[in-house]
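*Asks:* Here it is, the structure in full.
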Amino acid sequence: MATPDIPTHVQRDRTLRVKIIDACGLTCTFCHNEGTPVAVDNRSQVLGNFVTSGKSGRASIYAATNGADFLPAPMVANAEFGSVLGLLRDGLGLDELHLTGGEPTLHPAVDKLTRIAAVQGFEIGMTSNGERGAAVLEACAEAGLTRVNFSIFGTTPDELAQVQHDRYRKVALATRKIEALQASIAVCVKLGIKASANIVVLDHSHAERVHRLLDEYAPELSVRLLNSLDHGEESVDAIHRILAERGAVAEARYVTAGVSGARTSYRLPGGRRVLFKQIRPVRLPDTCTGCRFNNGRDCHEGFYGVRLYRDRAGRYLVGVCIQRMDLCMPVEKFLDSPLRGEILRLREQEYNHLVARVAG
């Protein structure tokens, strides 16, 4: 689906993704789990010899090949957490923080973590499947949460079950998950929290659920279509076909300088907007050179930005690639490393290049 000459808006990346918990009640077959192994399936494994899917049924599609040598642990809502956020804020010029997992609403202190991040000056968002949103989102909003990106994998129990592990393709279980998601979305609408629906489209066989979601969910819910990293061009082509089927017209591009994230906004008949979130081929100029994945086939995410983890030994680790978790390092080491400077230079150089290209 070709896009016409449309306005392009450029901004610098200022976002930190924080994996606050590994637990999740879904078993999505395409999950990358922020690059870390599924903790419950790997507690008896030798570090570095992790399985991508175990008894829990959950997946972490890169865990067997990405060089991860630690198991994730939940973030702790204490002064140390705030101090680490402050160090990364100052060291990288960050002002946005995104809570991820696992499923963030399962963290027993998600509201307290949110408040700590707000005190450090961050604007806070979350990616969630809505499992406990109805119970915790109001407290999170009071603590400073301003937006939630809901991951929606099915609009009916059958659709949700299709993308779950074989053992969990149960309609009753899927029904409970969908009801929990709907309750979470309702809380956001009630409280004025900005809510978006993230829909991962594996291939065109998923078109029906995307169309149903666009028809059924409230206009207050912004819809973002995401391609599956594990399905390559088949996923991208499917999204273009779905947009064409809806009569969507491209109206603007939004590019974040210094990372691989980009979005194209489409207007549907009637005025509603849908975003297609895509991956640009952005690489760290030094760190990615010579990487075995650095080609047009194997590097799925590019440089997506900085992620913060906590391991079972209590260390805070910074990661820059879910396919190269061997690049993770302790926060203090990262801040003193050439990698920090490389990220800052990439951000500024790409921003200046993109702005000049738009202006020219």
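Chain labels A, B, ... are given in the sequence in which chains occur in the structure tokens; within each chain residues are numbered consecutively from 1, and ligands are likewise numbered from 1 in the order shown.
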Which neighbours of stretch 67-83 of chain A fall inside 10 Å, counting only C-alpha atoms, when residues of the same chain fewer than 4 positions from it are skipped, and could you give them as number ranges by chain?
*Replies:* A: 18-23, 35-40, 42-43, 45-50, 62-63, 87-89, 101-102, 104, 107-120, 308-317, 322-328
*Asks:* Which of stretch 56-249 of chain A counts as strand (DSSP E or B) under DSSP, as a PyMOL selection string please?
*Replies:* chain A and resi 59+72+96-100+123-128+145-151+164+194-201+222-227+249
*Asks:* Could those residues be written to a file, using N, CA and C atoms, as a CSV table (one decimal), in the first residue's frame?
*Replies:*
```csv
chain,number,residue,atom,x,y,z
A,59,ALA,N,5.9,-17.8,26.1
A,59,ALA,CA,7.0,-17.8,25.1
A,59,ALA,C,7.9,-16.5,25.4
A,72,PRO,N,14.9,-12.2,35.0
A,72,PRO,CA,14.4,-11.0,35.5
A,72,PRO,C,13.7,-11.2,36.9
A,96,GLU,N,10.3,10.5,29.5
A,96,GLU,CA,9.1,9.6,29.4
A,96,GLU,C,9.6,8.2,29.9
A,97,LEU,N,8.6,7.6,30.6
A,97,LEU,CA,8.9,6.2,31.1
A,97,LEU,C,7.7,5.3,30.8
A,98,HIS,N,8.0,4.1,30.3
A,98,HIS,CA,7.0,3.2,29.9
A,98,HIS,C,7.1,1.9,30.7
A,99,LEU,N,6.1,1.6,31.5
A,99,LEU,CA,6.1,0.4,32.3
A,99,LEU,C,5.7,-0.8,31.4
A,100,THR,N,6.5,-1.9,31.5
A,100,THR,CA,6.3,-3.1,30.7
A,100,THR,C,6.4,-4.3,31.6
A,123,GLU,N,7.0,11.5,32.6
A,123,GLU,CA,5.6,11.3,32.1
A,123,GLU,C,5.5,9.8,31.9
A,124,ILE,N,4.4,9.2,32.4
A,124,ILE,CA,4.4,7.7,32.6
A,124,ILE,C,3.3,7.1,31.8
A,125,GLY,N,3.7,6.0,31.0
A,125,GLY,CA,2.7,5.2,30.3
A,125,GLY,C,2.9,3.8,30.6
A,126,MET,N,2.1,2.9,30.0
A,126,MET,CA,2.1,1.5,30.4
A,126,MET,C,1.6,0.7,29.2
A,127,THR,N,2.2,-0.5,28.9
A,127,THR,CA,1.7,-1.5,28.0
A,127,THR,C,1.1,-2.6,28.8
A,128,SER,N,-0.2,-2.9,28.6
A,128,SER,CA,-0.9,-3.8,29.4
A,128,SER,C,-1.9,-4.7,28.6
A,145,LEU,N,0.1,8.1,36.3
A,145,LEU,CA,0.0,7.4,35.0
A,145,LEU,C,-0.9,8.2,34.1
A,146,THR,N,-0.5,8.5,32.8
A,146,THR,CA,-1.3,9.3,31.9
A,146,THR,C,-1.8,8.6,30.7
A,147,ARG,N,-1.2,7.4,30.4
A,147,ARG,CA,-1.7,6.7,29.2
A,147,ARG,C,-1.4,5.2,29.3
A,148,VAL,N,-2.3,4.4,28.7
A,148,VAL,CA,-2.1,2.9,28.7
A,148,VAL,C,-2.3,2.4,27.2
A,149,ASN,N,-1.3,1.7,26.8
A,149,ASN,CA,-1.4,1.0,25.5
A,149,ASN,C,-1.8,-0.4,25.7
A,150,PHE,N,-3.1,-0.7,25.4
A,150,PHE,CA,-3.6,-2.1,25.7
A,150,PHE,C,-3.3,-3.0,24.5
A,151,SER,N,-2.7,-4.1,24.8
A,151,SER,CA,-2.4,-5.1,23.8
A,151,SER,C,-3.6,-6.0,23.7
A,164,GLN,N,-2.8,-18.2,21.6
A,164,GLN,CA,-2.3,-18.7,22.9
A,164,GLN,C,-1.7,-20.1,22.7
A,194,LYS,N,-5.5,8.4,28.7
A,194,LYS,CA,-5.4,8.2,27.3
A,194,LYS,C,-5.2,6.7,27.0
A,195,ALA,N,-6.1,6.1,26.3
A,195,ALA,CA,-6.0,4.6,26.0
A,195,ALA,C,-5.9,4.4,24.6
A,196,SER,N,-4.9,3.4,24.3
A,196,SER,CA,-4.7,3.0,22.9
A,196,SER,C,-4.8,1.5,22.8
A,197,ALA,N,-5.2,1.0,21.7
A,197,ALA,CA,-5.3,-0.5,21.5
A,197,ALA,C,-4.2,-0.9,20.6
A,198,ASN,N,-3.2,-1.7,21.1
A,198,ASN,CA,-2.2,-2.2,20.2
A,198,ASN,C,-2.6,-3.6,19.7
A,199,ILE,N,-2.7,-3.7,18.4
A,199,ILE,CA,-3.1,-5.0,17.8
A,199,ILE,C,-1.9,-5.5,17.0
A,200,VAL,N,-1.3,-6.6,17.4
A,200,VAL,CA,-0.3,-7.3,16.6
A,200,VAL,C,-1.0,-8.1,15.5
A,201,VAL,N,-0.6,-7.9,14.3
A,201,VAL,CA,-1.2,-8.6,13.1
A,201,VAL,C,-0.2,-9.5,12.6
A,222,SER,N,-7.8,4.9,20.9
A,222,SER,CA,-7.0,5.0,19.7
A,222,SER,C,-6.4,3.6,19.3
A,223,VAL,N,-6.5,3.3,18.0
A,223,VAL,CA,-6.0,2.0,17.6
A,223,VAL,C,-4.7,2.1,16.9
A,224,ARG,N,-3.8,1.2,17.3
A,224,ARG,CA,-2.4,1.1,16.6
A,224,ARG,C,-2.2,-0.3,16.2
A,225,LEU,N,-1.9,-0.5,14.9
A,225,LEU,CA,-1.6,-1.8,14.3
A,225,LEU,C,-0.1,-2.0,14.3
A,226,LEU,N,0.3,-3.1,14.9
A,226,LEU,CA,1.8,-3.4,15.0
A,226,LEU,C,2.1,-4.7,14.2
A,227,ASN,N,3.1,-4.7,13.4
A,227,ASN,CA,3.6,-5.9,12.7
A,227,ASN,C,4.3,-6.8,13.7
A,249,VAL,N,-6.8,6.4,4.5
A,249,VAL,CA,-6.0,7.4,3.8
A,249,VAL,C,-4.9,7.8,4.7
```
*Asks:* Please identify all polymer residues within 9 Å of A:Phe30, counting only C-alpha atoms, omitting same-chain residues fewer than 4 positions from it, and present them as a count of residues only.
*Replies:* 10
*Asks:* Using DSSP secondary structure from the backbone, list all helix (DSSP H, G or I) positions within stretch 84-322 of chain A, as a ChimeraX atom specification.
*Replies:* /A:84-92,104-106,110-119,133-143,157-162,166-168,171-191,204-216,232-245
*Asks:* What is the distance between atom CA of A:Tyr304 and atom CA of A:Val259, in Å to one decimal?
*Replies:*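 Spanning atom CA of A:Tyr304 to atom CA of A:Val259 is a straight-line distance of 4.9 Å.
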*Asks:* Leaving out A:Ile343 and any residue of its chain fewer than 6 positions from it, which residues lie within 9 Å of it when counting only C-alpha atoms, given as an NGL selection string?
*Replies:* :A and (92 or 258 or 284 or 305)
*Asks:* To one decimal in Å, tell me the separation between atom CA of A:Phe303 and atom CA of A:Ser53.
*Replies:*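 A separation of 25.0 Å between them.
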*Asks:* Give the answer as one residue: which of A:Ala135, A:Ile279, A:Cys291, A:Leu181 has the shortest atom-to-atom distance to A:Ala262, using only C-alpha atoms?
*Replies:*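 Counting only C-alpha atoms, the residue closest to A:Ala262 is A:Ile279.
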*Asks:* Under the rule that only C-alpha atoms are counted, which of A:Gly296, A:Gly302, A:Gly290, A:Gly93 is the nearest residue to A:Gln278?
*Replies:*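 The answer is A:Gly302, which sits nearest to A:Gln278.
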*Asks:* Find the residues near stretch 4-15 of chain A: any atom within 7 Å, counting only C-alpha atoms, skip ones fewer than 3 places away on the same chain, and give them as a PyMOL selection string.
*Replies:* chain A and resi 93-97+251-259+347+351+354-355+358
*Asks:* Dump C-alpha atoms for the selected residues as a PDB file, in the first residue's frame?
*Replies:*
```
ATOM      1  CA  GLY A  93      18.115  13.307  28.839  1.00  0.00           C
ATOM      2  CA  LEU A  94      14.939  11.253  29.313  1.00  0.00           C
ATOM      3  CA  ASP A  95      11.489  12.466  30.349  1.00  0.00           C
ATOM      4  CA  GLU A  96       9.138   9.602  29.417  1.00  0.00           C
ATOM      5  CA  LEU A  97       8.916   6.231  31.129  1.00  0.00           C
ATOM      6  CA  GLU A 251      -2.310  11.650   6.515  1.00  0.00           C
ATOM      7  CA  ALA A 252       0.921  12.005   8.524  1.00  0.00           C
ATOM      8  CA  ARG A 253       4.121  10.254   9.581  1.00  0.00           C
ATOM      9  CA  TYR A 254       5.665  10.486  13.039  1.00  0.00           C
ATOM     10  CA  VAL A 255       9.334   9.577  13.337  1.00  0.00           C
ATOM     11  CA  THR A 256      11.293   9.328  16.583  1.00  0.00           C
ATOM     12  CA  ALA A 257      14.925  10.248  15.991  1.00  0.00           C
ATOM     13  CA  GLY A 258      17.526   7.967  17.511  1.00  0.00           C
ATOM     14  CA  VAL A 259      15.427   4.800  17.667  1.00  0.00           C
ATOM     15  CA  ARG A 347      19.853  10.759  18.557  1.00  0.00           C
ATOM     16  CA  TYR A 351      17.292  14.331  14.467  1.00  0.00           C
ATOM     17  CA  LEU A 354      15.543  14.037   9.537  1.00  0.00           C
ATOM     18  CA  VAL A 355      14.607  17.642  10.219  1.00  0.00           C
ATOM     19  CA  VAL A 358      11.700  17.256   5.970  1.00  0.00           C
TER      20      VAL A 358
END
```
*Asks:* Which residues are near A:Leu173? Cut-off 12 Å, only C-alpha atoms, ignore same chain within fewer than 6 positions. Put them as a ChimeraX atom specification.
*Replies:* /A:25-27,131,156-158,160-161,164,167,179-180
*Asks:* Residues as selected, N, CA and C atoms, written as a PDB file, in the first residue's frame, can you do that?
*Replies:*
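Done, and the output landed in part12.pdb:
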```pdb
ATOM      1  N   GLY A  25      -0.485 -13.496  32.655  1.00  0.00           N
ATOM      2  CA  GLY A  25      -1.517 -14.529  32.607  1.00  0.00           C
ATOM      3  C   GLY A  25      -1.874 -14.987  31.213  1.00  0.00           C
ATOM      4  N   LEU A  26      -1.225 -14.401  30.183  1.00  0.00           N
ATOM      5  CA  LEU A  26      -1.445 -14.847  28.818  1.00  0.00           C
ATOM      6  C   LEU A  26      -0.244 -15.657  28.331  1.00  0.00           C
ATOM      7  N   THR A  27      -0.444 -16.401  27.256  1.00  0.00           N
ATOM      8  CA  THR A  27       0.615 -17.263  26.709  1.00  0.00           C
ATOM      9  C   THR A  27       0.773 -17.014  25.212  1.00  0.00           C
ATOM     10  N   GLU A 131      -5.142  -7.296  32.587  1.00  0.00           N
ATOM     11  CA  GLU A 131      -5.522  -8.364  33.514  1.00  0.00           C
ATOM     12  C   GLU A 131      -6.063  -7.857  34.850  1.00  0.00           C
ATOM     13  N   THR A 156     -12.895 -11.716  20.373  1.00  0.00           N
ATOM     14  CA  THR A 156     -13.775 -12.794  20.828  1.00  0.00           C
ATOM     15  C   THR A 156     -12.904 -13.844  21.521  1.00  0.00           C
ATOM     16  N   PRO A 157     -13.504 -14.681  22.365  1.00  0.00           N
ATOM     17  CA  PRO A 157     -12.725 -15.742  23.012  1.00  0.00           C
ATOM     18  C   PRO A 157     -12.011 -16.650  22.017  1.00  0.00           C
ATOM     19  N   ASP A 158     -12.665 -16.977  20.917  1.00  0.00           N
ATOM     20  CA  ASP A 158     -12.040 -17.846  19.923  1.00  0.00           C
ATOM     21  C   ASP A 158     -10.807 -17.184  19.318  1.00  0.00           C
ATOM     22  N   LEU A 160      -8.882 -14.812  20.648  1.00  0.00           N
ATOM     23  CA  LEU A 160      -7.807 -14.756  21.635  1.00  0.00           C
ATOM     24  C   LEU A 160      -7.153 -16.120  21.795  1.00  0.00           C
ATOM     25  N   ALA A 161      -7.956 -17.161  21.834  1.00  0.00           N
ATOM     26  CA  ALA A 161      -7.421 -18.505  22.011  1.00  0.00           C
ATOM     27  C   ALA A 161      -6.493 -18.905  20.875  1.00  0.00           C
ATOM     28  N   GLN A 164      -2.796 -18.219  21.599  1.00  0.00           N
ATOM     29  CA  GLN A 164      -2.284 -18.701  22.861  1.00  0.00           C
ATOM     30  C   GLN A 164      -1.686 -20.098  22.695  1.00  0.00           C
ATOM     31  N   ARG A 167      -2.212 -25.513  25.151  1.00  0.00           N
ATOM     32  CA  ARG A 167      -2.854 -25.951  26.393  1.00  0.00           C
ATOM     33  C   ARG A 167      -3.810 -24.901  26.959  1.00  0.00           C
ATOM     34  N   GLU A 179     -12.999 -10.032  29.264  1.00  0.00           N
ATOM     35  CA  GLU A 179     -13.817  -9.236  30.183  1.00  0.00           C
ATOM     36  C   GLU A 179     -12.949  -8.347  31.062  1.00  0.00           C
ATOM     37  N   ALA A 180     -11.802  -8.864  31.496  1.00  0.00           N
ATOM     38  CA  ALA A 180     -10.883  -8.053  32.300  1.00  0.00           C
ATOM     39  C   ALA A 180     -10.338  -6.891  31.476  1.00  0.00           C
TER      40      ALA A 180
END
```
*Asks:* What separation in Å, quoted to one decimal, exists between atom CA of A:Gln182 and atom CA of A:Gly130?
*Replies:*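 It comes out at 7.7 Å.
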*Asks:* From the list A:Gly247, A:Leu339, A:Ala172, A:Glu332, which residue is nearest A:Cys288 when using only C-alpha atoms?
*Replies:* A:Leu339
